[in-house]
Amino acid sequence: MSGKNASRKTAQPALVPRHVAVVMDGNGRWATRRLLPRTAGHKFGADALTRLVRGCVQQGVQYLTVFAFSSENWKRPAEEVSALMELFVQALQRETPELAAQGVCLRFLGDREPLNARMRELMAQAESAVVEPLRMRLNVALNYGGRWDIVQAARAAQAAGVELTEQSLGRYMCLADIPEPDLLIRTGGEHRVSNFLLWQLAYTEFYFTETLWPDFDEQTLAHAIADFARRERRFGRVSDKPAASGDPADPAGLRVA
Ligand code: FPP
């Protein structure tokens, strides 16, 4: 079955996550296995991101948030960091009109301060592009860290003189104006959050795949969405479904969350 057919079959409209978050991991290993420099992996990774965006629009995902560069990624070799920054600049120049044509608007989250002026200007231009009709919002986390996000929110709330509660602090977090992610996909075989959206992922369903990011395609996305569609989301409550009689793992139907 081709990737296209698989996606049509597996994802019913009501079961498609509204908001998908993605940790795009495995570029370096993908390149190293091919005896290529790690930066080649990032270039192919940019193509995989194009496929992800197209696939999400086709599936009816409304919000997509991707982790492009973490607060910790500055610790990589200087050549890799500058190659990544150059790739972001090129991608912004090339993709912004293409995204708008697909009905996708762009927003960035993260600390822009250490980014160079050219980059910040392109980011601002991309964010102000008019997209009509709007089909999906793409959020790119760039120099982002979940802990940084919590601290910037706490500082902003403090500066506004707001009494701290989960609700009041939540209003200052990045992406506070959109639903929290329903599904987090992480490629590359690692099973961790890596300081991504720590606050926003509280009740998100996680999907891990061994697929290295540059190999990510519509079929991988369809598998993740089909897996999500089978999950029972309880948000801390007990299951609505009666426990299967004789379930050895939960004989009294007491399992929660
Ligand atoms: C993680 O793989 C990937 C990154 C740190 C960079 C993500 C960037 C892209 C996918 C490029 C395209 C992005 C945009 C916004 C145009 P890794 O290098 O940690 O892989 P490894 O775990 O195999 O070393």
# chains A, B, ... in the order shown; residues from 1 in each chain; ligands from 1

call {"tool": "select_by_dssp", "arguments": {"residues": "region 10-247 of chain A", "states": "strand (DSSP E or B)", "output": "ChimeraX atom specification"}}
result
/A:19-23,63-70,104-109,136-144,183-186,205-208,238

call {"tool": "residues_around", "arguments": {"residues": "region 72-78 of chain A", "least_positions_apart": "5", "cutoff": "10 Å", "atoms": "only C-alpha atoms", "output": "PyMOL selection string"}}
result
chain A and resi 83-84+142-145+194-195

call {"tool": "atom_distance", "arguments": {"atom1": "CA of Ala176 (chain A)", "atom2": "CA of Gln58 (chain A)"}}
result
25.1 Å

call {"tool": "residues_near_ligand", "arguments": {"ligand": "ligand 1", "cutoff": "8 Å", "atoms": "only C-alpha atoms and all ligand atoms", "output": "PyMOL selection string"}}
result
chain A and resi 23-31+38+41-49+66-70+73+84+87-92+140+142+188+212-214

call {"tool": "write_last_selection", "arguments": {"atoms": "C-alpha atoms", "output": "compact mmCIF listing (two decimals), in the first residue's frame"}}
result
# COMPACT_ATOMS: atom_id res chain seq x y z
CA VAL A 23 11.13 16.29 17.73
CA MET A 24 12.99 15.81 14.44
CA ASP A 25 15.85 13.62 15.60
CA GLY A 26 18.37 11.50 13.71
CA ASN A 27 19.80 13.81 11.04
CA GLY A 28 23.38 13.28 12.18
CA ARG A 29 23.15 9.48 12.33
CA TRP A 30 21.40 9.37 8.95
CA ALA A 31 24.32 11.27 7.39
CA ARG A 38 26.28 15.66 9.66
CA GLY A 41 21.65 15.12 7.30
CA HIS A 42 20.19 18.48 8.28
CA LYS A 43 19.73 19.41 4.58
CA PHE A 44 17.78 16.21 3.95
CA GLY A 45 16.01 16.89 7.24
CA ALA A 46 14.69 20.14 5.78
CA ASP A 47 13.11 18.12 2.93
CA ALA A 48 11.51 15.81 5.49
CA LEU A 49 10.03 18.86 7.21
CA VAL A 66 8.50 21.44 15.38
CA PHE A 67 11.74 21.55 17.37
CA ALA A 68 14.31 23.04 14.97
CA PHE A 69 16.99 24.20 17.40
CA SER A 70 17.10 23.83 21.16
CA ASN A 73 22.12 22.98 20.51
CA LEU A 84 22.11 25.00 10.70
CA LEU A 87 19.91 26.32 6.45
CA PHE A 88 17.21 28.13 8.43
CA VAL A 89 17.86 31.37 6.52
CA GLN A 90 17.67 29.57 3.16
CA ALA A 91 14.56 27.65 4.18
CA LEU A 92 12.84 30.84 5.33
CA VAL A 140 8.95 26.55 14.72
CA LEU A 142 14.19 27.96 17.45
CA GLY A 188 15.43 8.69 15.79
CA LEU A 212 15.62 8.74 11.35
CA TRP A 213 14.26 12.21 10.61
CA PRO A 214 15.47 12.52 6.96

call {"tool": "closest_residue", "arguments": {"among": "A:Val193, A:Ala153, A:Leu164, A:Cys174", "to": "Tyr207 (chain A)", "atoms": "only C-alpha atoms"}}
result
A:Val193

call {"tool": "select_by_dssp", "arguments": {"residues": "region 13-126 of chain A", "states": "helix (DSSP H, G or I)", "output": "number ranges by chain"}}
result
A: 13-15, 27-33, 38-59, 71-75, 78-102, 117-126

call {"tool": "atom_distance", "arguments": {"atom1": "CA of Gln219 (chain A)", "atom2": "CA of Gly146 (chain A)"}}
result
29.1 Å

call {"tool": "atom_distance", "arguments": {"atom1": "CA of Leu52 (chain A)", "atom2": "CA of Val20 (chain A)"}}
result
10.4 Å

call {"tool": "residues_around", "arguments": {"residues": "Gln125 (chain A)", "least_positions_apart": "5", "cutoff": "12 Å", "atoms": "only C-alpha atoms", "output": "list in words"}}
result
Val89, Leu92, Gln93, Thr96, Pro97, Cys105, Leu106, Arg107, Phe108, Arg118, Met119, Arg120 and Val130 of chain A

call {"tool": "residues_around", "arguments": {"residues": "region 99-101 of chain A", "least_positions_apart": "3", "cutoff": "10 Å", "atoms": "only C-alpha atoms", "output": "PyMOL selection string"}}
result
chain A and resi 50+53-54+92+94-96+104-106+126+129-138

call {"tool": "write_last_selection", "arguments": {"atoms": "N, CA and C atoms", "output": "mmCIF file, in the first residue's frame"}}
result
data_model
loop_
_atom_site.group_PDB
_atom_site.id
_atom_site.type_symbol
_atom_site.label_atom_id
_atom_site.label_comp_id
_atom_site.auth_asym_id
_atom_site.auth_seq_id
_atom_site.Cartn_x
_atom_site.Cartn_y
_atom_site.Cartn_z
ATOM 1 N N THR A 50 9.425 19.536 4.957
ATOM 2 C CA THR A 50 8.483 19.906 3.889
ATOM 3 C C THR A 50 7.420 18.811 3.725
ATOM 4 N N VAL A 53 4.947 18.905 6.713
ATOM 5 C CA VAL A 53 3.976 20.004 6.613
ATOM 6 C C VAL A 53 2.879 19.626 5.612
ATOM 7 N N ARG A 54 3.304 19.142 4.450
ATOM 8 C CA ARG A 54 2.322 18.775 3.418
ATOM 9 C C ARG A 54 1.382 17.691 3.945
ATOM 10 N N LEU A 92 13.801 29.741 5.148
ATOM 11 C CA LEU A 92 12.840 30.837 5.335
ATOM 12 C C LEU A 92 12.615 31.583 4.024
ATOM 13 N N ARG A 94 13.145 30.522 0.968
ATOM 14 C CA ARG A 94 12.560 29.669 -0.066
ATOM 15 C C ARG A 94 11.122 29.264 0.267
ATOM 16 N N GLU A 95 10.879 28.909 1.524
ATOM 17 C CA GLU A 95 9.622 28.239 1.865
ATOM 18 C C GLU A 95 8.473 29.168 2.259
ATOM 19 N N THR A 96 8.776 30.404 2.711
ATOM 20 C CA THR A 96 7.676 31.238 3.221
ATOM 21 C C THR A 96 6.554 31.413 2.184
ATOM 22 N N VAL A 104 -0.492 27.815 4.984
ATOM 23 C CA VAL A 104 0.212 27.608 6.253
ATOM 24 C C VAL A 104 0.856 28.911 6.705
ATOM 25 N N CYS A 105 0.543 29.344 7.924
ATOM 26 C CA CYS A 105 1.212 30.532 8.456
ATOM 27 C C CYS A 105 2.272 30.099 9.468
ATOM 28 N N LEU A 106 3.266 30.936 9.626
ATOM 29 C CA LEU A 106 4.448 30.594 10.430
ATOM 30 C C LEU A 106 4.537 31.429 11.691
ATOM 31 N N ALA A 126 8.376 36.562 7.807
ATOM 32 C CA ALA A 126 7.607 35.323 7.602
ATOM 33 C C ALA A 126 6.350 35.340 8.470
ATOM 34 N N ALA A 129 3.454 37.484 7.018
ATOM 35 C CA ALA A 129 2.860 37.151 5.713
ATOM 36 C C ALA A 129 1.369 36.868 5.891
ATOM 37 N N VAL A 130 0.566 37.407 4.963
ATOM 38 C CA VAL A 130 -0.884 37.181 5.045
ATOM 39 C C VAL A 130 -1.203 35.832 4.405
ATOM 40 N N VAL A 131 -1.876 34.976 5.137
ATOM 41 C CA VAL A 131 -2.208 33.639 4.624
ATOM 42 C C VAL A 131 -3.732 33.499 4.614
ATOM 43 N N GLU A 132 -4.260 33.339 3.419
ATOM 44 C CA GLU A 132 -5.710 33.307 3.261
ATOM 45 C C GLU A 132 -6.067 32.369 2.103
ATOM 46 N N PRO A 133 -6.847 31.343 2.265
ATOM 47 C CA PRO A 133 -7.434 30.899 3.524
ATOM 48 C C PRO A 133 -6.408 30.146 4.364
ATOM 49 N N LEU A 134 -6.572 30.219 5.658
ATOM 50 C CA LEU A 134 -5.624 29.580 6.574
ATOM 51 C C LEU A 134 -6.024 28.125 6.798
ATOM 52 N N ARG A 135 -5.057 27.215 6.580
ATOM 53 C CA ARG A 135 -5.365 25.790 6.805
ATOM 54 C C ARG A 135 -4.615 25.237 7.999
ATOM 55 N N MET A 136 -3.413 25.742 8.250
ATOM 56 C CA MET A 136 -2.644 25.194 9.375
ATOM 57 C C MET A 136 -1.652 26.246 9.877
ATOM 58 N N ARG A 137 -1.433 26.236 11.193
ATOM 59 C CA ARG A 137 -0.406 27.101 11.785
ATOM 60 C C ARG A 137 0.835 26.264 12.067
ATOM 61 N N LEU A 138 1.970 26.697 11.550
ATOM 62 C CA LEU A 138 3.244 26.000 11.789
ATOM 63 C C LEU A 138 4.072 26.807 12.772
#
